[in-house]
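Structure first, commentary second.
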Amino acid sequence: MKKVTEEPSLYRHLEQKSTVELLYDMNTEDQKVAAAVKGAIDQIAPLIDVITDKMKKGGRLFYIGAGTSGRLGVLDASECPPTFGVPQDWVIGLIAGGDQALRSPVEGAEDDTKQAWKDLKAYDIDQGDVLLGIAASGTTPYVIHGLKAANDHGIITGCICCNPGSSVSAVAKYPIEVVVGPEYVTGSTRMKSGTAQKLVLNMISTAVMIRLGRVQDNRMVDMKLSNDKLVDRGVRMVVEKTGLDYTAAKDLLLSAGSVRKAIQTFR
């Protein structure tokens with residue numbers, strides 16, 4: 001297996017560069033990420049369709065990962081309820097080492113070959129669900145063995161990695177490989193690889209939620225009204241759809257609890 005993520009940076013003597021030089025160099029590399037993600041769309045789309053089908057039938061989406069990859073999965077999962085108004089258990093992110101690992105590395109957690117399945121079993125994962133492993137290197141034991149166990153139990157599996165022909169891709173039924181090339185700081189996969197993973201996760205969760213009807217036109221009609229900014233955004237949506245003045249629209253929104261319900265109530 002070729003580990004592109006571990007290849008030497010295309011740039012040398014970074015400590016001798018000016019701040020502006022560093023930023024231009026990093027930006028040059030970052031521009032390669034979107035193109036690499038575009039090249040993987042044909043791999044991403046089938047997985048989205050499978051996830052959508054499973055979730056329409058009551059299934060859930062699980063993410064597992066370690067380090068940066070795990071944190072990105074937890075982040076994406078945690079943003080689905082406030083953005084799309086879905087229950088907390090529709091999309092679940094798990095990181096090797098547990099919640100402590102979100103802030104501090106947990107020694108040996110990513111090398112544990114049994115813990116991922118234990119973590120998943122705690123949520124009673126079954127054949128109605130989908131498991132997506134996230135591993136920039138494609139070699140993380142926690143992720144690989146979690147996917148293997150899921151396969152053994154008839155659960156649909158996918159992965160996001162940044163090396164071609166990786167071990168995790170060989171295990172996942174729906175592999176997504178976004179090869180962004182060597183990192184600016186050699187081996188620092190929180191950079192381009194992490195950005196690529198975030199972009200793909202954005203695509204997956206957003207497209208699935210749109211397909212599930214959690215977006216109308218281009219608006220987050222089910223978002224949680226958890227702060228003044230979001231209430232104001234919701235009020236403006238209600239004004240646009242109903243023609244009510246701002247005060248009346250706000251009263252209707254707060255009474256209904258969501259933009260969707262406010263518009264339905266008005267009709």
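Residue numbers start at 1 in each chain; chains themselves are named A, B, ... in the order of the structure tokens; ligands are numbered from 1 in the order shown.
When DSSP is run on the backbone, the residues of region 28-265 of chain A that fall into strand (DSSP E) are Leu61, Phe62, Tyr63, Ile64, Gly65, Val91, Ile92, Gly93, Leu94, Ile95, Val130, Leu131, Leu132, Gly133, Ile134, Ile156, Thr157, Gly158, Cys159, Ile160, Cys161, Tyr174, Pro175, Ile176 and Glu177 of chain A.
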For those residues, write C-alpha atoms to a file as a CSV table (one decimal), in the first residue's frame.
chain,number,residue,atom,x,y,z
A,61,LEU,CA,-25.6,6.6,10.6
A,62,PHE,CA,-22.6,5.9,12.7
A,63,TYR,CA,-19.1,7.4,12.3
A,64,ILE,CA,-16.0,5.9,13.9
A,65,GLY,CA,-12.5,7.3,13.8
A,91,VAL,CA,-26.2,10.4,13.4
A,92,ILE,CA,-23.7,9.1,16.0
A,93,GLY,CA,-20.0,9.9,16.1
A,94,LEU,CA,-17.6,7.7,18.1
A,95,ILE,CA,-13.9,8.4,18.6
A,130,VAL,CA,-24.8,2.2,8.3
A,131,LEU,CA,-21.3,2.5,9.6
A,132,LEU,CA,-18.7,4.9,8.1
A,133,GLY,CA,-15.1,4.6,9.1
A,134,ILE,CA,-12.9,7.7,8.9
A,156,ILE,CA,-23.5,-1.8,5.5
A,157,THR,CA,-20.0,-0.2,5.8
A,158,GLY,CA,-18.2,2.7,4.1
A,159,CYS,CA,-15.0,4.6,4.7
A,160,ILE,CA,-13.3,7.9,4.0
A,161,CYS,CA,-9.5,7.7,3.6
A,174,TYR,CA,-18.4,1.6,0.0
A,175,PRO,CA,-14.9,3.0,0.1
A,176,ILE,CA,-14.2,6.7,-0.6
A,177,GLU,CA,-10.6,7.6,-1.4
| If you count only C-alpha atoms, which residues fall within 12 Å of Thr189 (chain A), apart from same-chain ones fewer than 6 positions away, as a PyMOL selection string? | chain A and resi 3-7+9+66-69+135-138+161-163+179-183+195-197
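Restricting the calculation to only C-alpha atoms, the smallest distance between Gly58 (chain A) and any of A:Leu212, A:Met220, A:Ala116, A:Met191 is found for A:Leu212.
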Backbone DSSP call of helix (DSSP H, G or I) for region 37-221 of chain A, listed as a PDB file with C-alpha atoms, in the first residue's frame:
ATOM      1  CA  VAL A  37     -13.007  15.572  -3.554  1.00  0.00           C
ATOM      2  CA  LYS A  38     -14.634  16.247  -6.914  1.00  0.00           C
ATOM      3  CA  ILE A  41     -18.001  12.078  -6.170  1.00  0.00           C
ATOM      4  CA  ASP A  42     -18.786   8.864  -8.027  1.00  0.00           C
ATOM      5  CA  GLN A  43     -17.699   6.994  -4.892  1.00  0.00           C
ATOM      6  CA  ILE A  44     -19.592   9.271  -2.517  1.00  0.00           C
ATOM      7  CA  ALA A  45     -22.988   9.273  -4.265  1.00  0.00           C
ATOM      8  CA  PRO A  46     -23.805   5.540  -3.954  1.00  0.00           C
ATOM      9  CA  LEU A  47     -23.066   5.609  -0.226  1.00  0.00           C
ATOM     10  CA  ILE A  48     -25.379   8.594   0.243  1.00  0.00           C
ATOM     11  CA  ASP A  49     -28.165   6.716  -1.551  1.00  0.00           C
ATOM     12  CA  VAL A  50     -27.693   3.670   0.686  1.00  0.00           C
ATOM     13  CA  ILE A  51     -27.641   5.768   3.860  1.00  0.00           C
ATOM     14  CA  THR A  52     -30.780   7.614   2.770  1.00  0.00           C
ATOM     15  CA  ASP A  53     -32.600   4.373   2.072  1.00  0.00           C
ATOM     16  CA  LYS A  54     -31.647   2.924   5.458  1.00  0.00           C
ATOM     17  CA  MET A  55     -32.573   6.091   7.356  1.00  0.00           C
ATOM     18  CA  LYS A  56     -35.950   6.318   5.629  1.00  0.00           C
ATOM     19  CA  GLY A  67      -7.581  11.416  16.352  1.00  0.00           C
ATOM     20  CA  THR A  68      -8.476  14.140  13.858  1.00  0.00           C
ATOM     21  CA  SER A  69     -10.616  11.737  11.842  1.00  0.00           C
ATOM     22  CA  GLY A  70     -12.620  10.771  14.907  1.00  0.00           C
ATOM     23  CA  ARG A  71     -13.070  14.384  15.960  1.00  0.00           C
ATOM     24  CA  LEU A  72     -14.362  15.313  12.515  1.00  0.00           C
ATOM     25  CA  GLY A  73     -16.932  12.516  12.677  1.00  0.00           C
ATOM     26  CA  VAL A  74     -18.116  13.595  16.123  1.00  0.00           C
ATOM     27  CA  LEU A  75     -18.312  17.197  14.888  1.00  0.00           C
ATOM     28  CA  ASP A  76     -20.420  16.317  11.867  1.00  0.00           C
ATOM     29  CA  ALA A  77     -22.753  14.129  13.924  1.00  0.00           C
ATOM     30  CA  SER A  78     -23.172  16.787  16.608  1.00  0.00           C
ATOM     31  CA  GLU A  79     -24.160  19.422  14.049  1.00  0.00           C
ATOM     32  CA  CYS A  80     -27.029  17.431  12.530  1.00  0.00           C
ATOM     33  CA  PRO A  81     -29.587  17.927  15.341  1.00  0.00           C
ATOM     34  CA  PRO A  82     -29.324  21.743  15.544  1.00  0.00           C
ATOM     35  CA  THR A  83     -29.044  22.185  11.774  1.00  0.00           C
ATOM     36  CA  PHE A  84     -31.755  19.794  10.656  1.00  0.00           C
ATOM     37  CA  ASP A  99     -15.036  11.716  24.704  1.00  0.00           C
ATOM     38  CA  GLN A 100     -11.767  12.349  26.560  1.00  0.00           C
ATOM     39  CA  ALA A 101      -9.985  11.906  23.220  1.00  0.00           C
ATOM     40  CA  LEU A 102     -11.833  14.892  21.767  1.00  0.00           C
ATOM     41  CA  ALA A 109      -6.736   3.894  21.713  1.00  0.00           C
ATOM     42  CA  GLU A 110      -6.460   3.825  17.931  1.00  0.00           C
ATOM     43  CA  ASP A 111      -4.520   0.552  18.028  1.00  0.00           C
ATOM     44  CA  GLN A 115     -12.953  -1.479  21.252  1.00  0.00           C
ATOM     45  CA  ALA A 116     -14.764  -0.105  18.197  1.00  0.00           C
ATOM     46  CA  TRP A 117     -17.248  -2.972  18.149  1.00  0.00           C
ATOM     47  CA  LYS A 118     -17.747  -2.625  21.918  1.00  0.00           C
ATOM     48  CA  ASP A 119     -18.459   1.084  21.404  1.00  0.00           C
ATOM     49  CA  LEU A 120     -20.929   0.328  18.612  1.00  0.00           C
ATOM     50  CA  LYS A 121     -22.682  -2.435  20.528  1.00  0.00           C
ATOM     51  CA  PRO A 141      -6.829  -0.664  13.624  1.00  0.00           C
ATOM     52  CA  TYR A 142      -9.755   0.757  15.632  1.00  0.00           C
ATOM     53  CA  VAL A 143     -11.531   1.655  12.396  1.00  0.00           C
ATOM     54  CA  ILE A 144     -10.551  -1.392  10.320  1.00  0.00           C
ATOM     55  CA  HIS A 145     -11.654  -3.903  12.947  1.00  0.00           C
ATOM     56  CA  GLY A 146     -14.822  -1.966  13.670  1.00  0.00           C
ATOM     57  CA  LEU A 147     -15.743  -2.212   9.997  1.00  0.00           C
ATOM     58  CA  LYS A 148     -14.816  -5.907   9.883  1.00  0.00           C
ATOM     59  CA  ALA A 149     -17.074  -6.648  12.838  1.00  0.00           C
ATOM     60  CA  ALA A 150     -19.900  -4.675  11.248  1.00  0.00           C
ATOM     61  CA  ASN A 151     -19.479  -6.633   8.011  1.00  0.00           C
ATOM     62  CA  ASP A 152     -19.650  -9.867   9.980  1.00  0.00           C
ATOM     63  CA  SER A 167      -6.529  -1.504   4.253  1.00  0.00           C
ATOM     64  CA  VAL A 168      -9.679   0.307   5.357  1.00  0.00           C
ATOM     65  CA  SER A 169     -10.891   0.573   1.751  1.00  0.00           C
ATOM     66  CA  ALA A 170     -10.389  -3.163   1.318  1.00  0.00           C
ATOM     67  CA  VAL A 171     -12.745  -3.788   4.250  1.00  0.00           C
ATOM     68  CA  LYS A 192      -5.268  18.632   3.642  1.00  0.00           C
ATOM     69  CA  SER A 193      -6.489  15.179   4.577  1.00  0.00           C
ATOM     70  CA  GLY A 194      -8.582  16.574   7.414  1.00  0.00           C
ATOM     71  CA  THR A 195     -10.020  19.235   5.130  1.00  0.00           C
ATOM     72  CA  ALA A 196     -10.905  16.598   2.544  1.00  0.00           C
ATOM     73  CA  GLN A 197     -12.622  14.456   5.163  1.00  0.00           C
ATOM     74  CA  LYS A 198     -14.606  17.447   6.429  1.00  0.00           C
ATOM     75  CA  LEU A 199     -15.759  18.294   2.904  1.00  0.00           C
ATOM     76  CA  VAL A 200     -16.905  14.728   2.272  1.00  0.00           C
ATOM     77  CA  LEU A 201     -18.698  14.551   5.626  1.00  0.00           C
ATOM     78  CA  ASN A 202     -20.443  17.835   4.788  1.00  0.00           C
ATOM     79  CA  MET A 203     -21.578  16.293   1.509  1.00  0.00           C
ATOM     80  CA  ILE A 204     -22.803  13.074   3.071  1.00  0.00           C
ATOM     81  CA  SER A 205     -24.783  14.445   6.001  1.00  0.00           C
ATOM     82  CA  THR A 206     -26.204  17.416   4.089  1.00  0.00           C
ATOM     83  CA  ALA A 207     -27.240  15.418   1.029  1.00  0.00           C
ATOM     84  CA  VAL A 208     -28.799  12.711   3.204  1.00  0.00           C
ATOM     85  CA  MET A 209     -30.780  15.259   5.197  1.00  0.00           C
ATOM     86  CA  ILE A 210     -31.981  16.951   2.011  1.00  0.00           C
ATOM     87  CA  ARG A 211     -33.051  13.580   0.642  1.00  0.00           C
TER      88      ARG A 211
END
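Rounded to one decimal, CA of Lys173 (chain A) and CA of Gly39 (chain A) lie 18.8 Å from each other.
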